[in-house]
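Structure data follow from query_33.txt (compact mmCIF, N, CA and C atoms):
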```txt
# COMPACT_ATOMS: atom_id res chain seq x y z
N MET A 1 0.85 -1.19 0.00
CA MET A 1 0.00 0.00 0.00
C MET A 1 0.88 1.24 0.00
N ALA A 2 0.50 2.23 -0.74
CA ALA A 2 1.23 3.49 -0.79
C ALA A 2 1.09 4.22 0.54
N TYR A 3 1.99 5.15 0.79
CA TYR A 3 1.95 5.93 2.02
C TYR A 3 0.69 6.77 2.10
N SER A 4 0.11 6.85 3.25
CA SER A 4 -1.01 7.74 3.53
C SER A 4 -0.92 8.19 4.97
N ILE A 5 -1.35 9.39 5.22
CA ILE A 5 -1.41 9.91 6.58
C ILE A 5 -2.39 9.04 7.38
N LYS A 6 -2.05 8.75 8.61
CA LYS A 6 -2.95 7.99 9.47
C LYS A 6 -4.20 8.83 9.74
N LYS A 7 -5.35 8.20 9.76
CA LYS A 7 -6.60 8.92 9.98
C LYS A 7 -6.56 9.73 11.27
N GLU A 8 -5.97 9.17 12.31
CA GLU A 8 -5.94 9.88 13.59
C GLU A 8 -4.99 11.09 13.58
N ASP A 9 -4.19 11.25 12.52
CA ASP A 9 -3.28 12.39 12.40
C ASP A 9 -3.80 13.48 11.47
N VAL A 10 -4.96 13.28 10.88
CA VAL A 10 -5.48 14.23 9.89
C VAL A 10 -5.89 15.55 10.54
N ILE A 11 -6.59 15.50 11.66
CA ILE A 11 -7.06 16.71 12.33
C ILE A 11 -6.21 16.94 13.56
N GLN A 12 -5.44 18.03 13.52
CA GLN A 12 -4.47 18.31 14.58
C GLN A 12 -4.82 19.58 15.37
N TYR A 13 -6.09 19.82 15.59
CA TYR A 13 -6.52 21.01 16.32
C TYR A 13 -7.66 20.62 17.25
N LYS A 14 -7.92 21.47 18.21
CA LYS A 14 -8.98 21.24 19.19
C LYS A 14 -10.32 21.70 18.63
N PRO A 15 -11.44 21.18 19.14
CA PRO A 15 -12.75 21.58 18.62
C PRO A 15 -12.99 23.09 18.64
N GLU A 16 -12.55 23.76 19.70
CA GLU A 16 -12.79 25.21 19.80
C GLU A 16 -12.05 26.02 18.74
N GLU A 17 -11.04 25.43 18.12
CA GLU A 17 -10.31 26.11 17.05
C GLU A 17 -11.16 26.25 15.78
N LEU A 18 -12.25 25.50 15.68
CA LEU A 18 -13.16 25.66 14.55
C LEU A 18 -13.75 27.07 14.52
N LYS A 19 -13.77 27.76 15.66
CA LYS A 19 -14.27 29.14 15.72
C LYS A 19 -13.44 30.07 14.85
N ASN A 20 -12.19 29.70 14.57
CA ASN A 20 -11.31 30.53 13.75
C ASN A 20 -11.39 30.20 12.26
N PHE A 21 -12.17 29.21 11.90
CA PHE A 21 -12.31 28.80 10.50
C PHE A 21 -13.19 29.78 9.75
N HIS A 22 -13.06 29.78 8.44
CA HIS A 22 -13.90 30.58 7.55
C HIS A 22 -15.18 29.78 7.30
N LEU A 23 -16.33 30.45 7.39
CA LEU A 23 -17.60 29.78 7.19
C LEU A 23 -18.19 30.24 5.86
N PHE A 24 -18.52 29.28 5.01
CA PHE A 24 -19.06 29.55 3.68
C PHE A 24 -20.37 28.80 3.49
N ILE A 25 -21.20 29.34 2.62
CA ILE A 25 -22.34 28.59 2.12
C ILE A 25 -22.16 28.47 0.61
N HIS A 26 -22.65 27.36 0.07
CA HIS A 26 -22.46 27.13 -1.36
C HIS A 26 -23.62 26.31 -1.91
N GLU A 27 -24.08 26.67 -3.10
CA GLU A 27 -25.08 25.90 -3.83
C GLU A 27 -24.39 25.25 -5.00
N TYR A 28 -24.48 24.11 -5.27
CA TYR A 28 -24.87 22.96 -4.50
C TYR A 28 -23.74 21.96 -4.57
N ILE A 29 -23.45 21.31 -3.48
CA ILE A 29 -22.51 20.20 -3.48
C ILE A 29 -23.38 18.93 -3.48
N ASP A 30 -23.48 18.32 -4.65
CA ASP A 30 -24.41 17.20 -4.81
C ASP A 30 -23.74 15.83 -4.85
N ASN A 31 -22.43 15.78 -4.89
CA ASN A 31 -21.74 14.49 -4.88
C ASN A 31 -21.18 14.28 -3.48
N LEU A 32 -21.94 13.58 -2.67
CA LEU A 32 -21.54 13.35 -1.28
C LEU A 32 -20.80 12.02 -1.11
N ASN A 33 -20.42 11.41 -2.22
CA ASN A 33 -19.69 10.14 -2.16
C ASN A 33 -18.28 10.30 -1.61
N PHE A 34 -17.80 11.52 -1.54
CA PHE A 34 -16.43 11.77 -1.08
C PHE A 34 -16.41 12.55 0.22
N THR A 35 -17.47 12.39 1.00
CA THR A 35 -17.50 12.96 2.34
C THR A 35 -17.25 11.82 3.33
N PHE A 36 -16.76 12.19 4.49
CA PHE A 36 -16.35 11.18 5.47
C PHE A 36 -16.94 11.49 6.84
N ASN A 37 -17.24 10.46 7.57
CA ASN A 37 -17.75 10.59 8.92
C ASN A 37 -16.61 11.03 9.84
N PRO A 38 -16.78 12.14 10.59
CA PRO A 38 -15.73 12.59 11.49
C PRO A 38 -15.31 11.53 12.51
N SER A 39 -16.22 10.63 12.88
CA SER A 39 -15.91 9.58 13.85
C SER A 39 -14.86 8.60 13.34
N ASP A 40 -14.68 8.55 12.02
CA ASP A 40 -13.64 7.69 11.46
C ASP A 40 -12.24 8.27 11.67
N PHE A 41 -12.18 9.56 12.04
CA PHE A 41 -10.90 10.26 12.17
C PHE A 41 -10.62 10.74 13.59
N LEU A 42 -11.66 10.88 14.40
CA LEU A 42 -11.52 11.47 15.73
C LEU A 42 -12.19 10.59 16.78
N SER A 43 -11.47 10.32 17.86
CA SER A 43 -12.08 9.55 18.95
C SER A 43 -13.10 10.39 19.70
N ASP A 44 -12.94 11.71 19.69
CA ASP A 44 -13.86 12.63 20.35
C ASP A 44 -14.64 13.45 19.33
N ALA A 45 -15.09 12.82 18.27
CA ALA A 45 -15.77 13.50 17.17
C ALA A 45 -16.99 14.28 17.64
N ALA A 46 -17.68 13.81 18.64
CA ALA A 46 -18.90 14.48 19.10
C ALA A 46 -18.62 15.92 19.51
N ASP A 47 -17.47 16.19 20.13
CA ASP A 47 -17.11 17.56 20.52
C ASP A 47 -16.91 18.45 19.30
N TYR A 48 -16.27 17.92 18.27
CA TYR A 48 -16.04 18.67 17.04
C TYR A 48 -17.37 18.91 16.31
N ILE A 49 -18.19 17.87 16.23
CA ILE A 49 -19.47 17.98 15.54
C ILE A 49 -20.36 19.00 16.25
N ALA A 50 -20.35 18.99 17.58
CA ALA A 50 -21.15 19.96 18.33
C ALA A 50 -20.67 21.39 18.06
N MET A 51 -19.37 21.59 17.99
CA MET A 51 -18.84 22.92 17.72
C MET A 51 -19.19 23.35 16.30
N ALA A 52 -19.00 22.47 15.32
CA ALA A 52 -19.34 22.79 13.94
C ALA A 52 -20.83 23.10 13.83
N ALA A 53 -21.68 22.29 14.46
CA ALA A 53 -23.13 22.51 14.42
C ALA A 53 -23.49 23.87 15.00
N SER A 54 -22.87 24.23 16.09
CA SER A 54 -23.13 25.53 16.72
C SER A 54 -22.76 26.68 15.78
N LEU A 55 -21.61 26.57 15.13
CA LEU A 55 -21.18 27.61 14.20
C LEU A 55 -22.10 27.68 12.98
N PHE A 56 -22.47 26.53 12.44
CA PHE A 56 -23.38 26.50 11.31
C PHE A 56 -24.74 27.11 11.68
N LYS A 57 -25.26 26.74 12.85
CA LYS A 57 -26.56 27.25 13.29
C LYS A 57 -26.52 28.75 13.50
N ASP A 58 -25.44 29.25 14.10
CA ASP A 58 -25.29 30.71 14.31
C ASP A 58 -25.31 31.47 12.99
N ALA A 59 -24.88 30.81 11.92
CA ALA A 59 -24.84 31.44 10.60
C ALA A 59 -26.14 31.24 9.82
N GLY A 60 -27.08 30.45 10.37
CA GLY A 60 -28.37 30.30 9.71
C GLY A 60 -28.74 28.90 9.26
N TRP A 61 -27.88 27.92 9.50
CA TRP A 61 -28.19 26.54 9.14
C TRP A 61 -29.42 26.09 9.92
N SER A 62 -30.32 25.37 9.27
CA SER A 62 -31.56 24.94 9.91
C SER A 62 -31.38 23.75 10.85
N GLY A 63 -30.23 23.09 10.82
CA GLY A 63 -29.96 22.01 11.76
C GLY A 63 -30.21 20.62 11.22
N ASP A 64 -30.55 20.49 9.94
CA ASP A 64 -30.76 19.16 9.38
C ASP A 64 -29.57 18.76 8.51
N GLY A 65 -29.41 17.47 8.30
CA GLY A 65 -28.28 16.96 7.52
C GLY A 65 -27.16 16.50 8.44
N ALA A 66 -26.30 15.63 7.92
CA ALA A 66 -25.19 15.07 8.69
C ALA A 66 -23.91 15.86 8.44
N ILE A 67 -23.23 16.23 9.50
CA ILE A 67 -21.96 16.95 9.38
C ILE A 67 -20.88 15.93 9.00
N GLN A 68 -20.17 16.24 7.93
CA GLN A 68 -19.17 15.34 7.36
C GLN A 68 -17.87 16.10 7.11
N LEU A 69 -16.85 15.38 6.71
CA LEU A 69 -15.56 15.96 6.34
C LEU A 69 -15.34 15.80 4.84
N ILE A 70 -14.65 16.77 4.25
CA ILE A 70 -14.24 16.70 2.85
C ILE A 70 -12.75 17.04 2.80
N TRP A 71 -11.95 16.18 2.20
CA TRP A 71 -10.52 16.46 2.03
C TRP A 71 -10.31 17.19 0.72
N VAL A 72 -9.50 18.26 0.77
CA VAL A 72 -9.16 19.03 -0.43
C VAL A 72 -7.64 18.94 -0.61
N PRO A 73 -7.18 18.39 -1.74
CA PRO A 73 -5.74 18.25 -1.96
C PRO A 73 -5.06 19.61 -2.17
N PRO A 74 -3.76 19.69 -1.88
CA PRO A 74 -3.07 20.98 -1.93
C PRO A 74 -2.93 21.59 -3.32
N PHE A 75 -3.00 20.81 -4.37
CA PHE A 75 -2.81 21.38 -5.70
C PHE A 75 -4.00 22.21 -6.17
N ILE A 76 -5.07 22.26 -5.37
CA ILE A 76 -6.27 23.01 -5.74
C ILE A 76 -6.02 24.52 -5.68
N TRP A 77 -5.17 24.98 -4.78
CA TRP A 77 -4.92 26.42 -4.67
C TRP A 77 -3.46 26.73 -4.94
N GLU A 78 -3.23 27.94 -5.42
CA GLU A 78 -1.87 28.38 -5.75
C GLU A 78 -1.10 28.74 -4.48
N GLY A 79 0.19 28.55 -4.53
CA GLY A 79 1.07 29.01 -3.47
C GLY A 79 0.94 28.31 -2.14
N PHE A 80 0.51 27.04 -2.16
CA PHE A 80 0.42 26.34 -0.88
C PHE A 80 1.82 26.21 -0.28
N SER A 81 1.87 26.17 1.03
CA SER A 81 3.16 26.11 1.71
C SER A 81 3.64 24.67 1.80
N THR A 82 4.84 24.49 2.28
CA THR A 82 5.35 23.16 2.52
C THR A 82 5.04 22.73 3.95
N GLY A 83 4.27 23.54 4.65
CA GLY A 83 3.88 23.22 6.02
C GLY A 83 2.66 22.33 6.04
N GLU A 84 1.77 22.61 6.97
CA GLU A 84 0.59 21.77 7.18
C GLU A 84 -0.29 21.64 5.94
N GLU A 85 -0.40 22.73 5.15
CA GLU A 85 -1.26 22.69 3.97
C GLU A 85 -0.70 21.80 2.86
N ALA A 86 0.55 21.40 2.96
CA ALA A 86 1.15 20.54 1.94
C ALA A 86 0.43 19.19 1.87
N ASN A 87 -0.28 18.83 2.93
CA ASN A 87 -1.05 17.58 2.95
C ASN A 87 -2.50 17.78 2.53
N GLY A 88 -2.83 18.99 2.14
CA GLY A 88 -4.21 19.32 1.86
C GLY A 88 -4.90 19.78 3.13
N ILE A 89 -6.17 20.09 3.02
CA ILE A 89 -6.93 20.53 4.19
C ILE A 89 -8.23 19.75 4.28
N VAL A 90 -8.82 19.80 5.43
CA VAL A 90 -10.11 19.14 5.66
C VAL A 90 -11.16 20.22 5.91
N LEU A 91 -12.24 20.13 5.15
CA LEU A 91 -13.39 21.02 5.35
C LEU A 91 -14.44 20.29 6.16
N TRP A 92 -15.14 21.03 6.99
CA TRP A 92 -16.32 20.51 7.68
C TRP A 92 -17.52 20.91 6.84
N HIS A 93 -18.40 19.97 6.55
CA HIS A 93 -19.48 20.21 5.60
C HIS A 93 -20.79 19.61 6.10
N VAL A 94 -21.87 20.32 5.83
CA VAL A 94 -23.20 19.76 6.02
C VAL A 94 -24.08 20.26 4.89
N LYS A 95 -24.85 19.35 4.34
CA LYS A 95 -25.80 19.71 3.29
C LYS A 95 -27.18 19.78 3.93
N GLN A 96 -27.75 20.98 3.89
CA GLN A 96 -29.05 21.22 4.48
C GLN A 96 -30.12 20.51 3.65
N LYS A 97 -30.91 19.67 4.28
CA LYS A 97 -31.89 18.86 3.56
C LYS A 97 -33.00 19.69 2.92
N GLU A 98 -33.46 20.73 3.60
CA GLU A 98 -34.64 21.45 3.12
C GLU A 98 -34.42 22.15 1.79
N ASP A 99 -33.20 22.63 1.50
CA ASP A 99 -32.98 23.36 0.25
C ASP A 99 -31.68 22.98 -0.47
N GLY A 100 -30.92 22.04 0.09
CA GLY A 100 -29.71 21.57 -0.57
C GLY A 100 -28.50 22.48 -0.44
N ILE A 101 -28.61 23.54 0.36
CA ILE A 101 -27.47 24.44 0.57
C ILE A 101 -26.41 23.72 1.38
N SER A 102 -25.14 23.88 0.97
CA SER A 102 -24.02 23.32 1.73
C SER A 102 -23.40 24.39 2.61
N TRP A 103 -23.11 24.03 3.82
CA TRP A 103 -22.44 24.89 4.79
C TRP A 103 -21.06 24.31 5.01
N LEU A 104 -20.03 25.15 4.97
CA LEU A 104 -18.64 24.70 5.02
C LEU A 104 -17.84 25.50 6.03
N LEU A 105 -16.98 24.81 6.75
CA LEU A 105 -15.97 25.45 7.60
C LEU A 105 -14.61 25.08 7.03
N SER A 106 -13.77 26.08 6.78
CA SER A 106 -12.47 25.86 6.17
C SER A 106 -11.38 26.59 6.97
N PRO A 107 -10.22 25.95 7.15
CA PRO A 107 -9.12 26.63 7.83
C PRO A 107 -8.50 27.74 6.98
N ILE A 108 -8.78 27.75 5.68
CA ILE A 108 -8.29 28.82 4.80
C ILE A 108 -9.47 29.39 4.01
N ALA A 109 -9.33 30.62 3.55
CA ALA A 109 -10.37 31.24 2.73
C ALA A 109 -10.36 30.62 1.34
N PHE A 110 -11.54 30.46 0.78
CA PHE A 110 -11.69 29.95 -0.58
C PHE A 110 -12.45 30.98 -1.41
N PRO A 111 -12.12 31.08 -2.68
CA PRO A 111 -12.84 32.03 -3.55
C PRO A 111 -14.14 31.44 -4.07
N ILE A 112 -15.09 31.20 -3.16
CA ILE A 112 -16.39 30.67 -3.59
C ILE A 112 -17.45 31.71 -3.35
N ASN A 113 -18.64 31.45 -3.80
CA ASN A 113 -19.72 32.42 -3.88
C ASN A 113 -19.98 33.24 -2.62
N THR A 114 -20.25 32.59 -1.53
CA THR A 114 -20.76 33.30 -0.38
C THR A 114 -19.99 32.96 0.88
N GLN A 115 -19.40 33.98 1.47
CA GLN A 115 -18.78 33.79 2.78
C GLN A 115 -19.80 34.21 3.80
N ALA A 116 -20.15 33.30 4.69
CA ALA A 116 -21.21 33.55 5.65
C ALA A 116 -20.76 34.47 6.78
N ARG A 117 -19.48 34.51 7.04
CA ARG A 117 -18.98 35.43 8.07
C ARG A 117 -17.54 35.76 7.81
```
Write the structure described by the file as structure tokens, please.
Amino acid sequence: MAYSIKKEDVIQYKPEELKNFHLFIHEYIDNLNFTFNPSDFLSDAADYIAMAASLFKDAGWSGDGAIQLIWVPPFIWEGFSTGEEANGIVLWHVKQKEDGISWLLSPIAFPINTQAR
């Protein structure tokens, strides 16, 4: 098997650090085949999910849909560093059931349609 980062090493921050992430909304992320359950990566996923849910709700999320992770490889953006971003980043994502809007938390800003805060 080729080298891969261990799942337990993917997220290297505390749940409260999600407060420093950029929050975006986007229409529409319809291919959810590449989203991952946070519990597969974190032994204390419930704390992270609760924090992400709180941030999403404060921004207007209705509270439906499952909070998932999306990995974004580093070649997607220009000028990535050789530091932590060299491995790509993980977005926190939930697709709102009532209207299909996706809510995203990202450790870096992305040039997408709507920044919620």
*asked:* Nearest residue to Ile29 of chain A out of A:Gly100, A:Ala86, A:Glu16, A:Ser106, using all atoms listed in the file?
replied: A:Gly100
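The spacing separating atom CA of Asp47 of chain A from atom CA of Pro107 of chain A amounts to 17.5 Å.
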*Option closest in space to Leu105 of chain A, from A:Ala59, A:Asn31, A:Asn87, A:Asp44 [counting only C-alpha atoms]*: A:Ala59
*asked:* I need the residues in chain A that are helix (DSSP H, G or I) according to DSSP; give them as a VMD selection string.
replied: chain A and resid 7 to 9 15 to 20 32 to 34 38 to 40 45 to 58 74 to 76 84 to 87
Could you list, as a compact mmCIF listing (two decimals) with N, CA and C atoms, keeping the file's coordinate frame, every residue within 8 Å of Ile49 of chain A, counting only N, CA and C atoms and ignoring same-chain residues fewer than 5 positions away?
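Listing of selection12.txt after writing:
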```txt
# COMPACT_ATOMS: atom_id res chain seq x y z
N PRO A 15 -11.44 21.18 19.14
CA PRO A 15 -12.75 21.58 18.62
C PRO A 15 -12.99 23.09 18.64
N PRO A 38 -16.78 12.14 10.59
CA PRO A 38 -15.73 12.59 11.49
C PRO A 38 -15.31 11.53 12.51
N ASP A 44 -12.94 11.71 19.69
CA ASP A 44 -13.86 12.63 20.35
C ASP A 44 -14.64 13.45 19.33
N SER A 54 -22.87 24.23 16.09
CA SER A 54 -23.13 25.53 16.72
C SER A 54 -22.76 26.68 15.78
N LEU A 55 -21.61 26.57 15.13
CA LEU A 55 -21.18 27.61 14.20
C LEU A 55 -22.10 27.68 12.98
N ILE A 67 -23.23 16.23 9.50
CA ILE A 67 -21.96 16.95 9.38
C ILE A 67 -20.88 15.93 9.00
N GLN A 68 -20.17 16.24 7.93
CA GLN A 68 -19.17 15.34 7.36
C GLN A 68 -17.87 16.10 7.11
```
*In Å, with one decimal, what is the gap from atom N of Ser102 of chain A to atom C of Phe21 of chain A?*
16.0 Å
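Applying the 9 Å criterion to (-23.7, 21.9, -1.5) in file coordinates and using only C-alpha atoms, one obtains the residues A:Ile25, A:His26, A:Glu27, A:Tyr28, A:Ile29, A:Asp30, A:Asn31, A:Leu32, A:His93, A:Val94, A:Lys95, A:Gln96, A:Gly100, A:Ile101, A:Ser102, A:Trp103, A:Leu104.
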